[in-house]
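Novice: Below you will find the structure I want to go over with you.
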Amino acid sequence: MKIADRLKEKQYCKNIAVVDGNVQLTYQDLYKKASTLSQVLAFVSTRREHVAILLPNSVNYVVAYCSVLLAGDVVVPIYFKATGEEIKNSVEYCDTNILITDTENFARVENTSFDHQVVVINIDTLSMIGLGKCGIRANPQSPAHVAVMLGTSGSTSIPKRVMLSDENLIENAVGIIHSLQYTQDERFLCLLPMTFASGNTSQLVVSLLLTSTLYIYHGPLHPKFIFDCIKCNHITSTTIVPSVLKVLLSDGKDYSSECPSLKTICFGGGPTDDLTISKIVNSPLRDKFVQMYGQTEASTRISHLHYSKDHDKPTSAGKPLFN
């Protein structure tokens with residue numbers, strides 16, 4: 001099975017797929033919008049293309065991501081805060097001939113001097129423009145099974161791209177679902193950039209496979225606002241990095257009774273200091289915390305430490321996921 005197959009299966013589903021402020025799409029809406037954009041991609045594509053996406057976490061990002069997979073092309077996510085030089089490097093390094101962005105980010109792309117011709121599609125208007133050196137095209141040659149080229153964090157060397165297949169992503173998502181006992185009724189709060197491995201796989205892909213709802217968070221990084229969002233939207237799970245974890249635990253208040261829907265708070269992506277671990281162990285929310293360990297090359301997650309079961313081993317990376 002491919003992620004695109006899952007989208008096709010749910011093309012008439014009325015479940016809410018994604019919520020972004022006042023904008024929300026059902027799976028039926030998502031499929032329609034993604035199908036329309038995939039037809040635009042087919043119009044400008046001459047082969048199996050590597051398609052860059054330069055968008056913030058948004059309904060537009062989810063639509064663009066799904067459209068590339070429906071078109072049978074390869075997703076090349078670019079962090080929306082990337083500089084012009086970083087955008088240029090990613091586009092050229094990944095042999096990208098097509099880039100999807102929005103009106104807000106269009107000017108940044110327009111001022112980038114690409115070494116080959118790049119067709120830029122504005123997802124807001126479905127208009128397009130050709131940039132770079134006319135007549136010179138990149139020659140994408142990724143293996144046929146590659147679906148997504150995720151960027152690494154560059155924590156141990158310079159950032160690079162990891163080629164992952166649908167099978168890589170789905171198997172890892174299944175492992176996450178199995179470990180956390182997720183169901184179709186999950187409501188995920190997305191704080192991580194979907195352009196990187198954890199946001200991509202443990203949030204977006206997991207949600208698409210389950211036909212669950214993904215809530216995109218744009219509020220302040222403050223415990224009151226995050227927990228208010230969890231309460232108001234009946235969020236069941238979220239994933240955060242250590243810096244946000246510190247913020248979440250910073251005011252020492254007990255939010256457990258205010259968020260009865262919340263089942264898991266996953267955290268990882270870097271080392272967590274002893275003081276923060278101590279706060280988790282002594283928190284009323286302790287049994288909801290799950291420490292994750294992983295890497296982009298493994299699609300994202302390798303192991304989980306469930307504080308509900310293994311709170312006596314707080315510094316462990318946990319146990320390997322299923323499969």
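Quick note on naming: the chains in the structure tokens go A, B, ... in the order shown, residues restart at 1 in each chain, and ligands are numbered from 1 in order of appearance.
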Show which residues sit within 9 Å of A:Val62, as a PyMOL selection string. Count only C-alpha atoms, and ignore same-chain residues fewer than 5 positions away.
Specialist: chain A and resi 18+30+34+57+67+194+204
Novice: With only C-alpha atoms as the counted atoms, please give the residues lying no more than 10 Å from A:Lys32, apart from itself and same-chain residues fewer than 6 positions off, as a PyMOL selection string.
Specialist: chain A and resi 11-12+26+38+63+67
Novice: I'd like to know which of A:Leu214, A:Gly135, A:Lys88, A:Gly151 is closest to A:Asn111, using only C-alpha atoms.
Specialist: A:Lys88
Novice: Please identify all polymer residues within 12 Å of A:Ser153, counting only C-alpha atoms, omitting same-chain residues fewer than 2 positions from it, and present them as number ranges by chain.
Specialist: A: 79, 150-151, 155-162, 193, 195-198, 269-270, 294-297, 300
Novice: What residues in stretch 158-237 of chain A get the DSSP label strand (DSSP E or B)? Please answer as a list in words.
Specialist: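 Assigned to strand (DSSP E or B), within stretch 158-237 of chain A: Arg161, Val162, Met163, Leu164, Ser165, Arg187, Phe188, Leu189, Cys190, Thr213, Leu214, Tyr215, Ile216 and Ser237 of chain A.
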Novice: So that I can check the secondary structure, give me every residue of stretch 62-230 of chain A assigned alpha helix (DSSP H) by backbone DSSP, as a PyMOL selection string.
Specialist: chain A and resi 62-70+84-93+103-110+166-180+197+206-210+223-230
Novice: As a short mmCIF file (atom, residue, chain, number, x, y, z; two decimals) with all heavy atoms, in the first residue's frame, please: the residues near A:Pro220 (cut-off 12 Å, only C-alpha atoms, same-chain neighbours under 4 positions excluded).
Specialist:
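Everything below was put into part-v3.cif:
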```
data_model
loop_
_atom_site.label_atom_id
_atom_site.label_comp_id
_atom_site.auth_asym_id
_atom_site.auth_seq_id
_atom_site.Cartn_x
_atom_site.Cartn_y
_atom_site.Cartn_z
N LEU A 191 2.67 20.65 16.59
CA LEU A 191 3.55 21.79 16.87
C LEU A 191 4.85 21.70 16.10
O LEU A 191 5.55 22.69 15.92
CB LEU A 191 3.86 21.89 18.37
CG LEU A 191 2.74 22.33 19.30
CD1 LEU A 191 1.93 21.16 19.79
CD2 LEU A 191 3.31 23.11 20.49
N LYS A 224 -0.17 27.70 29.24
CA LYS A 224 -1.60 28.00 29.32
C LYS A 224 -2.26 27.91 27.95
O LYS A 224 -3.34 27.32 27.79
CB LYS A 224 -1.82 29.39 29.90
CG LYS A 224 -3.30 29.75 30.02
CD LYS A 224 -3.53 31.16 30.50
CE LYS A 224 -5.01 31.45 30.73
NZ LYS A 224 -5.84 31.15 29.54
N PHE A 225 -1.62 28.50 26.94
CA PHE A 225 -2.21 28.52 25.60
C PHE A 225 -2.22 27.12 24.97
O PHE A 225 -3.17 26.73 24.30
CB PHE A 225 -1.46 29.51 24.71
CG PHE A 225 -1.66 30.94 25.09
CD1 PHE A 225 -0.74 31.58 25.91
CD2 PHE A 225 -2.77 31.64 24.68
CE1 PHE A 225 -0.92 32.91 26.29
CE2 PHE A 225 -2.97 32.96 25.04
CZ PHE A 225 -2.04 33.60 25.85
N ILE A 226 -1.15 26.37 25.19
CA ILE A 226 -1.09 25.01 24.63
C ILE A 226 -2.14 24.12 25.28
O ILE A 226 -2.88 23.41 24.60
CB ILE A 226 0.33 24.42 24.80
CG1 ILE A 226 1.33 25.20 23.96
CG2 ILE A 226 0.34 22.94 24.37
CD1 ILE A 226 2.79 24.80 24.18
N PHE A 227 -2.22 24.17 26.61
CA PHE A 227 -3.19 23.32 27.31
C PHE A 227 -4.62 23.79 27.05
O PHE A 227 -5.55 22.96 27.02
CB PHE A 227 -2.89 23.27 28.80
CG PHE A 227 -1.78 22.32 29.15
CD1 PHE A 227 -0.56 22.79 29.65
CD2 PHE A 227 -1.92 20.95 28.97
CE1 PHE A 227 0.47 21.92 29.97
CE2 PHE A 227 -0.89 20.07 29.29
CZ PHE A 227 0.31 20.56 29.78
N ASP A 228 -4.83 25.08 26.85
CA ASP A 228 -6.16 25.58 26.48
C ASP A 228 -6.58 25.01 25.12
O ASP A 228 -7.74 24.62 24.92
CB ASP A 228 -6.17 27.11 26.40
CG ASP A 228 -6.34 27.76 27.77
OD1 ASP A 228 -6.61 27.03 28.74
OD2 ASP A 228 -6.19 28.99 27.85
N CYS A 229 -5.62 24.95 24.19
CA CYS A 229 -5.89 24.40 22.87
C CYS A 229 -6.22 22.90 22.98
O CYS A 229 -7.15 22.41 22.32
CB CYS A 229 -4.69 24.60 21.95
SG CYS A 229 -4.92 23.99 20.27
N VAL A 244 10.41 22.82 23.90
CA VAL A 244 8.98 23.05 24.14
C VAL A 244 8.53 22.30 25.39
O VAL A 244 7.67 22.77 26.14
CB VAL A 244 8.14 22.64 22.91
CG1 VAL A 244 6.64 22.83 23.18
CG2 VAL A 244 8.56 23.45 21.69
N VAL A 247 9.10 24.41 28.33
CA VAL A 247 8.06 25.44 28.41
C VAL A 247 6.79 24.85 29.00
O VAL A 247 6.13 25.44 29.87
CB VAL A 247 7.77 26.03 27.01
CG1 VAL A 247 6.53 26.91 27.04
CG2 VAL A 247 8.97 26.81 26.50
N LEU A 248 6.43 23.66 28.55
CA LEU A 248 5.19 23.01 28.98
C LEU A 248 5.18 22.76 30.49
O LEU A 248 4.13 22.79 31.13
CB LEU A 248 5.04 21.68 28.23
CG LEU A 248 3.63 21.20 27.90
CD1 LEU A 248 2.91 22.20 27.01
CD2 LEU A 248 3.68 19.84 27.21
#
```
Novice: Tell me, as a VMD selection string, which residues lie within 10 Å of A:His145, counting only C-alpha atoms; anything in the same chain fewer than 4 positions away does not count.
Specialist: chain A and resid 74 163 to 168
Novice: Save the residues we just selected, C-alpha atoms, as a PDB file, in the first residue's frame?
Specialist:
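The file below, part11.pdb, is the result:
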```pdb
ATOM      1  CA  VAL A  74       8.658  12.733  -4.960  1.00  0.00           C
ATOM      2  CA  MET A 163      15.316   9.053   0.484  1.00  0.00           C
ATOM      3  CA  LEU A 164      12.357   7.212   2.026  1.00  0.00           C
ATOM      4  CA  SER A 165       9.749   4.990   0.408  1.00  0.00           C
ATOM      5  CA  ASP A 166       6.030   4.722   1.129  1.00  0.00           C
ATOM      6  CA  GLU A 167       6.828   1.389   2.776  1.00  0.00           C
ATOM      7  CA  ASN A 168       9.475   2.987   5.036  1.00  0.00           C
TER       8      ASN A 168
END
```
Novice: Give me, please, the distance in Å between atom CA of A:Ala82 and atom CA of A:Lys133, quoted to one decimal.
Specialist: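 Computing it gives 21.8 Å between the two atoms.
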Novice: In terms of the shortest atom-to-atom distance over only C-alpha atoms, which of A:Met149, A:Ile176, A:Val19, A:Val290 is closest to A:Lys263?
Specialist: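 Of A:Met149, A:Ile176, A:Val19, A:Val290, the one nearest A:Lys263, counting only C-alpha atoms, is A:Val290.
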Novice: What's around A:Leu131 at 10 Å? Count only C-alpha atoms, leave out sequence neighbours fewer than 6 positions away in its own chain, and write the answer as a list in words.
Specialist: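 Residues meeting the cut-off are Asn97, Ile98, Val109, Glu110, Asn111, Thr112, Ser113, Phe114, Asp115, His116, Gln117, Val118, Val119 and Val120 of chain A.
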Novice: Generate a file of the selected residues that holds N, CA, C and O atoms, formatted as a PDB file, in the first residue's frame.
Specialist:
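Full text of part.pdb as output:
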```
ATOM      1  N   ASN A  97      12.654  20.310 -10.275  1.00  0.00           N
ATOM      2  CA  ASN A  97      12.212  21.166 -11.379  1.00  0.00           C
ATOM      3  C   ASN A  97      10.926  21.918 -11.078  1.00  0.00           C
ATOM      4  O   ASN A  97      10.545  22.818 -11.824  1.00  0.00           O
ATOM      5  N   ILE A  98      10.236  21.524 -10.013  1.00  0.00           N
ATOM      6  CA  ILE A  98       8.953  22.140  -9.651  1.00  0.00           C
ATOM      7  C   ILE A  98       8.980  22.492  -8.171  1.00  0.00           C
ATOM      8  O   ILE A  98       9.461  21.713  -7.345  1.00  0.00           O
ATOM      9  N   VAL A 109      11.019  33.284  -3.268  1.00  0.00           N
ATOM     10  CA  VAL A 109      11.419  32.341  -4.312  1.00  0.00           C
ATOM     11  C   VAL A 109      11.731  33.085  -5.609  1.00  0.00           C
ATOM     12  O   VAL A 109      12.695  32.774  -6.311  1.00  0.00           O
ATOM     13  N   GLU A 110      10.944  34.087  -5.908  1.00  0.00           N
ATOM     14  CA  GLU A 110      11.090  34.845  -7.159  1.00  0.00           C
ATOM     15  C   GLU A 110      12.454  35.521  -7.257  1.00  0.00           C
ATOM     16  O   GLU A 110      12.979  35.731  -8.353  1.00  0.00           O
ATOM     17  N   ASN A 111      13.030  35.843  -6.108  1.00  0.00           N
ATOM     18  CA  ASN A 111      14.322  36.539  -6.086  1.00  0.00           C
ATOM     19  C   ASN A 111      15.512  35.579  -5.994  1.00  0.00           C
ATOM     20  O   ASN A 111      16.642  36.004  -5.819  1.00  0.00           O
ATOM     21  N   THR A 112      15.236  34.271  -6.114  1.00  0.00           N
ATOM     22  CA  THR A 112      16.297  33.267  -6.043  1.00  0.00           C
ATOM     23  C   THR A 112      16.808  32.928  -7.438  1.00  0.00           C
ATOM     24  O   THR A 112      16.014  32.692  -8.354  1.00  0.00           O
ATOM     25  N   SER A 113      18.110  32.917  -7.614  1.00  0.00           N
ATOM     26  CA  SER A 113      18.709  32.638  -8.930  1.00  0.00           C
ATOM     27  C   SER A 113      19.060  31.156  -9.032  1.00  0.00           C
ATOM     28  O   SER A 113      20.121  30.718  -8.565  1.00  0.00           O
ATOM     29  N   PHE A 114      18.170  30.379  -9.625  1.00  0.00           N
ATOM     30  CA  PHE A 114      18.414  28.948  -9.790  1.00  0.00           C
ATOM     31  C   PHE A 114      19.301  28.689 -11.002  1.00  0.00           C
ATOM     32  O   PHE A 114      19.239  29.411 -11.999  1.00  0.00           O
ATOM     33  N   ASP A 115      20.104  27.639 -10.925  1.00  0.00           N
ATOM     34  CA  ASP A 115      21.007  27.288 -12.021  1.00  0.00           C
ATOM     35  C   ASP A 115      20.317  26.501 -13.124  1.00  0.00           C
ATOM     36  O   ASP A 115      20.915  26.218 -14.176  1.00  0.00           O
ATOM     37  N   HIS A 116      19.080  26.099 -12.898  1.00  0.00           N
ATOM     38  CA  HIS A 116      18.294  25.437 -13.944  1.00  0.00           C
ATOM     39  C   HIS A 116      16.854  25.950 -13.860  1.00  0.00           C
ATOM     40  O   HIS A 116      16.496  26.661 -12.924  1.00  0.00           O
ATOM     41  N   GLN A 117      16.050  25.609 -14.837  1.00  0.00           N
ATOM     42  CA  GLN A 117      14.688  26.121 -14.874  1.00  0.00           C
ATOM     43  C   GLN A 117      13.821  25.434 -13.818  1.00  0.00           C
ATOM     44  O   GLN A 117      13.794  24.212 -13.709  1.00  0.00           O
ATOM     45  N   VAL A 118      13.116  26.253 -13.041  1.00  0.00           N
ATOM     46  CA  VAL A 118      12.223  25.749 -12.001  1.00  0.00           C
ATOM     47  C   VAL A 118      10.839  26.370 -12.212  1.00  0.00           C
ATOM     48  O   VAL A 118      10.703  27.590 -12.293  1.00  0.00           O
ATOM     49  N   VAL A 119       9.833  25.523 -12.317  1.00  0.00           N
ATOM     50  CA  VAL A 119       8.453  25.993 -12.413  1.00  0.00           C
ATOM     51  C   VAL A 119       7.920  26.167 -10.998  1.00  0.00           C
ATOM     52  O   VAL A 119       7.863  25.207 -10.230  1.00  0.00           O
ATOM     53  N   VAL A 120       7.544  27.393 -10.644  1.00  0.00           N
ATOM     54  CA  VAL A 120       7.027  27.692  -9.312  1.00  0.00           C
ATOM     55  C   VAL A 120       5.515  27.813  -9.383  1.00  0.00           C
ATOM     56  O   VAL A 120       4.977  28.603 -10.164  1.00  0.00           O
TER      57      VAL A 120
END
```
Novice: Can you tell me, as an mmCIF file with N, CA, C and O atoms, in the first residue's frame, what residues are no more than 9 Å from A:Gln28 when counting only C-alpha atoms, ignoring any on the same chain fewer than 4 positions away?
Specialist:
```cif
data_model
loop_
_atom_site.group_PDB
_atom_site.id
_atom_site.type_symbol
_atom_site.label_atom_id
_atom_site.label_comp_id
_atom_site.auth_asym_id
_atom_site.auth_seq_id
_atom_site.Cartn_x
_atom_site.Cartn_y
_atom_site.Cartn_z
ATOM 1 N N LEU A 7 -5.321 7.694 0.572
ATOM 2 C CA LEU A 7 -6.087 8.896 0.243
ATOM 3 C C LEU A 7 -7.225 8.575 -0.711
ATOM 4 O O LEU A 7 -8.345 9.078 -0.557
ATOM 5 N N LYS A 10 -10.162 6.938 0.936
ATOM 6 C CA LYS A 10 -10.955 7.812 1.800
ATOM 7 C C LYS A 10 -11.460 9.061 1.074
ATOM 8 O O LYS A 10 -11.801 10.053 1.714
ATOM 9 N N GLN A 11 -11.552 8.996 -0.255
ATOM 10 C CA GLN A 11 -11.920 10.191 -1.020
ATOM 11 C C GLN A 11 -13.366 10.642 -0.791
ATOM 12 O O GLN A 11 -13.722 11.770 -1.152
ATOM 13 N N TYR A 12 -14.200 9.795 -0.197
ATOM 14 C CA TYR A 12 -15.577 10.190 0.109
ATOM 15 C C TYR A 12 -15.815 10.284 1.619
ATOM 16 O O TYR A 12 -16.947 10.458 2.066
ATOM 17 N N CYS A 13 -14.748 10.187 2.400
ATOM 18 C CA CYS A 13 -14.854 10.183 3.856
ATOM 19 C C CYS A 13 -15.126 11.599 4.383
ATOM 20 O O CYS A 13 -14.465 12.558 3.981
ATOM 21 N N LYS A 14 -16.103 11.702 5.287
ATOM 22 C CA LYS A 14 -16.487 13.011 5.830
ATOM 23 C C LYS A 14 -15.788 13.332 7.156
ATOM 24 O O LYS A 14 -16.071 14.361 7.766
ATOM 25 N N ASN A 15 -14.887 12.437 7.606
ATOM 26 C CA ASN A 15 -14.104 12.748 8.809
ATOM 27 C C ASN A 15 -13.264 13.998 8.579
ATOM 28 O O ASN A 15 -12.798 14.236 7.456
ATOM 29 N N ILE A 16 -13.054 14.780 9.623
ATOM 30 C CA ILE A 16 -12.205 15.963 9.510
ATOM 31 C C ILE A 16 -10.742 15.520 9.420
ATOM 32 O O ILE A 16 -10.255 14.799 10.291
ATOM 33 N N ALA A 17 -10.067 15.951 8.386
ATOM 34 C CA ALA A 17 -8.672 15.561 8.172
ATOM 35 C C ALA A 17 -7.706 16.539 8.829
ATOM 36 O O ALA A 17 -6.751 16.135 9.497
ATOM 37 N N LYS A 32 -10.089 16.131 -2.987
ATOM 38 C CA LYS A 32 -10.462 16.974 -4.132
ATOM 39 C C LYS A 32 -9.396 18.030 -4.406
ATOM 40 O O LYS A 32 -8.975 18.227 -5.555
ATOM 41 N N LYS A 33 -8.959 18.717 -3.355
ATOM 42 C CA LYS A 33 -7.967 19.773 -3.529
ATOM 43 C C LYS A 33 -6.623 19.200 -3.986
ATOM 44 O O LYS A 33 -5.955 19.759 -4.866
#
```
